[in-house]
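Q: One structure coming up, written as structure tokens, with questions to follow.
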Amino acid sequence: MKISARINTFNEEDNIGAALESVAWADEILVVDSFSTDNTAAIARRYTDRVIQHEFASHGAQHNYADTLCSYDWVLVLDADERLTPELAAALQRLREGGEPAADGYRMARRAWYLGRWIRHSGWYPDWQTRLYRRAVTRWDGEPPHEAPKVKGTVATLPGDMLHYTRRNLHEHAAIMNYYTDLASAARRRQGRRVSPWQLVLTPPWIFFRSLVLKQGFRDGWPGLVIAYFAAHYVLLKQAKQLEAERNGGNKANQTGV
């Protein structure tokens, strides 16, 4: 079993080195960069000579394109702001050395660092992610911007966490949420899904309650309160943008690769 570890990037000079260091054991490392304007590509070349420039169209399209460039059928995917813990890296290496795997894909728990602490509740943990898969039976698909690998076959679970050094501050969180809701509202319109003003009234409070109470976000302290608020605001903003576009008869989604 040989593994191609790959990362898609755009202006990730602060993150890319540590991410690549955590997969240095892989049989191949591939970085697909969307023409970063910082030092991302230069830093990546310290770890691999396979740094490919490709124009961003969508998250799913970029992942599917990157998979075609991998030399091996087994693909391990990280984002630039993610790292493998030693436990998870060891589990992956044991799997690699153990012959032909029994499953077609493997999921792992993702633990987020947010506002100065590890988030253990709020619906953010364990946040299962299928990130190792046989590419011959896998394709990235789903509602933008949350496309995910869809494996045609069995998916097993690996021990250990993948660490996610997510939004560095509230300003970044708000800016990315604005971009993501552009993509999500446009995708829903293309699918013919409609939204009513009543959804703007009823859905966000439910999302807030679910995150803070049912998902025990209160146990994450004040970051749990912020997470619940942003979860509710995300839904409100997505639905409001969709409703605005429906009323105006236009599509205002930002399709850039930020």
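Residue numbering restarts at 1 for every chain of the structure tokens, chains are lettered A, B, ... in their displayed order, and ligands are numbered from 1 as they appear.
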Trp206 in chain A: which residues within 12 Å, counting only C-alpha atoms, same-chain residues fewer than 2 positions away excluded, as a list in words?

A: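 The residues that qualify are Gln199, Leu200, Val201, Leu202, Thr203, Pro204, Phe208, Phe209, Arg210, Ser211, Leu212, Val213, Leu214, Lys215, Ala228, Tyr229, Ala231, Ala232, His233, Val235 and Leu236 of chain A.
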
Q: Just the residues within 6 Å of range 123-138 of chain A, please, counting only C-alpha atoms, with nothing from its chain fewer than 6 positions along; format it as a list in words.

A: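 Near range 123-138 of chain A, the qualifying residues are Asp73, Trp74, Val75, Leu76, Val77, Asp104, Gly105, Tyr106, Arg107, Met108, Ala109, Arg110, Arg111, Lys150, Val151, Lys152 and Lys215 of chain A.
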
Q: Based on the selection just made, write N, CA, C and O atoms of those residues as a PDB file, in the first residue's frame.

A:
```pdb
ATOM      1  N   ASP A  73      -3.001   5.029  -5.748  1.00  0.00           N
ATOM      2  CA  ASP A  73      -4.459   4.939  -5.665  1.00  0.00           C
ATOM      3  C   ASP A  73      -4.988   5.357  -4.302  1.00  0.00           C
ATOM      4  O   ASP A  73      -6.126   5.783  -4.182  1.00  0.00           O
ATOM      5  N   TRP A  74      -4.151   5.236  -3.250  1.00  0.00           N
ATOM      6  CA  TRP A  74      -4.600   5.655  -1.921  1.00  0.00           C
ATOM      7  C   TRP A  74      -4.189   7.106  -1.685  1.00  0.00           C
ATOM      8  O   TRP A  74      -3.019   7.463  -1.818  1.00  0.00           O
ATOM      9  N   VAL A  75      -5.176   7.939  -1.352  1.00  0.00           N
ATOM     10  CA  VAL A  75      -4.967   9.381  -1.215  1.00  0.00           C
ATOM     11  C   VAL A  75      -5.315   9.811   0.204  1.00  0.00           C
ATOM     12  O   VAL A  75      -6.376   9.468   0.733  1.00  0.00           O
ATOM     13  N   LEU A  76      -4.404  10.567   0.817  1.00  0.00           N
ATOM     14  CA  LEU A  76      -4.618  11.179   2.123  1.00  0.00           C
ATOM     15  C   LEU A  76      -4.698  12.687   1.918  1.00  0.00           C
ATOM     16  O   LEU A  76      -3.765  13.290   1.393  1.00  0.00           O
ATOM     17  N   VAL A  77      -5.815  13.291   2.337  1.00  0.00           N
ATOM     18  CA  VAL A  77      -6.059  14.710   2.084  1.00  0.00           C
ATOM     19  C   VAL A  77      -6.020  15.491   3.391  1.00  0.00           C
ATOM     20  O   VAL A  77      -6.684  15.129   4.372  1.00  0.00           O
ATOM     21  N   ASP A 104     -12.437   0.684   1.881  1.00  0.00           N
ATOM     22  CA  ASP A 104     -12.144   1.531   0.721  1.00  0.00           C
ATOM     23  C   ASP A 104     -11.879   2.977   1.113  1.00  0.00           C
ATOM     24  O   ASP A 104     -11.435   3.780   0.290  1.00  0.00           O
ATOM     25  N   GLY A 105     -12.188   3.301   2.363  1.00  0.00           N
ATOM     26  CA  GLY A 105     -11.929   4.644   2.867  1.00  0.00           C
ATOM     27  C   GLY A 105     -11.826   4.604   4.379  1.00  0.00           C
ATOM     28  O   GLY A 105     -12.288   3.651   5.020  1.00  0.00           O
ATOM     29  N   TYR A 106     -11.203   5.623   4.940  1.00  0.00           N
ATOM     30  CA  TYR A 106     -11.023   5.694   6.388  1.00  0.00           C
ATOM     31  C   TYR A 106     -11.339   7.102   6.876  1.00  0.00           C
ATOM     32  O   TYR A 106     -10.889   8.085   6.285  1.00  0.00           O
ATOM     33  N   ARG A 107     -12.110   7.158   7.959  1.00  0.00           N
ATOM     34  CA  ARG A 107     -12.442   8.444   8.550  1.00  0.00           C
ATOM     35  C   ARG A 107     -11.627   8.650   9.820  1.00  0.00           C
ATOM     36  O   ARG A 107     -11.130   7.692  10.420  1.00  0.00           O
ATOM     37  N   MET A 108     -11.493   9.898  10.205  1.00  0.00           N
ATOM     38  CA  MET A 108     -10.736  10.260  11.393  1.00  0.00           C
ATOM     39  C   MET A 108     -11.422  11.428  12.089  1.00  0.00           C
ATOM     40  O   MET A 108     -12.104  12.235  11.442  1.00  0.00           O
ATOM     41  N   ALA A 109     -11.283  11.507  13.393  1.00  0.00           N
ATOM     42  CA  ALA A 109     -11.872  12.605  14.152  1.00  0.00           C
ATOM     43  C   ALA A 109     -11.036  13.864  13.944  1.00  0.00           C
ATOM     44  O   ALA A 109      -9.814  13.806  13.884  1.00  0.00           O
ATOM     45  N   ARG A 110     -11.728  15.000  13.834  1.00  0.00           N
ATOM     46  CA  ARG A 110     -11.037  16.281  13.694  1.00  0.00           C
ATOM     47  C   ARG A 110     -11.343  17.156  14.899  1.00  0.00           C
ATOM     48  O   ARG A 110     -12.498  17.357  15.248  1.00  0.00           O
ATOM     49  N   ARG A 111     -10.275  17.664  15.537  1.00  0.00           N
ATOM     50  CA  ARG A 111     -10.401  18.483  16.729  1.00  0.00           C
ATOM     51  C   ARG A 111      -9.921  19.895  16.416  1.00  0.00           C
ATOM     52  O   ARG A 111      -8.804  20.092  15.943  1.00  0.00           O
ATOM     53  N   LYS A 150     -16.936  11.154  -1.504  1.00  0.00           N
ATOM     54  CA  LYS A 150     -17.985  10.137  -1.459  1.00  0.00           C
ATOM     55  C   LYS A 150     -17.379   8.810  -1.912  1.00  0.00           C
ATOM     56  O   LYS A 150     -17.010   8.650  -3.080  1.00  0.00           O
ATOM     57  N   VAL A 151     -17.268   7.893  -0.970  1.00  0.00           N
ATOM     58  CA  VAL A 151     -16.608   6.612  -1.224  1.00  0.00           C
ATOM     59  C   VAL A 151     -17.649   5.557  -1.570  1.00  0.00           C
ATOM     60  O   VAL A 151     -18.588   5.332  -0.801  1.00  0.00           O
ATOM     61  N   LYS A 152     -17.485   4.893  -2.706  1.00  0.00           N
ATOM     62  CA  LYS A 152     -18.352   3.781  -3.076  1.00  0.00           C
ATOM     63  C   LYS A 152     -17.739   2.505  -2.507  1.00  0.00           C
ATOM     64  O   LYS A 152     -16.997   1.788  -3.179  1.00  0.00           O
ATOM     65  N   LYS A 215     -25.876  20.131  21.852  1.00  0.00           N
ATOM     66  CA  LYS A 215     -24.503  19.719  21.541  1.00  0.00           C
ATOM     67  C   LYS A 215     -23.523  20.118  22.644  1.00  0.00           C
ATOM     68  O   LYS A 215     -22.316  19.969  22.478  1.00  0.00           O
TER      69      LYS A 215
END
```

Q: Run DSSP on the backbone of this structure and report the residues of range 25-154 of chain A it assigns to helix (DSSP H, G or I), as an NGL selection string.

A: :A and (40-44 or 59-69 or 86-97 or 135-137)

Q: How many Å separate CA of Arg219 in chain A from CA of Asp81 in chain A?

A: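 So the answer is 24.5 Å.
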
Q: CA of Arg6 in chain A and CA of Ile29 in chain A are how many Å apart?

A: 5.6 Å

Q: Could you list, as a list of chain:residue names, every residue within 7 Å of range 82-88 of chain A, counting only C-alpha atoms and ignoring same-chain residues fewer than 3 positions away?

A: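 Returned residues: A:Ala19, A:Ser22, A:Leu78, A:Asp79, A:Ala91, A:Leu92, A:Pro159, A:Gly160, A:Asp161, A:Met162, A:Leu163, A:His164, A:Tyr165.
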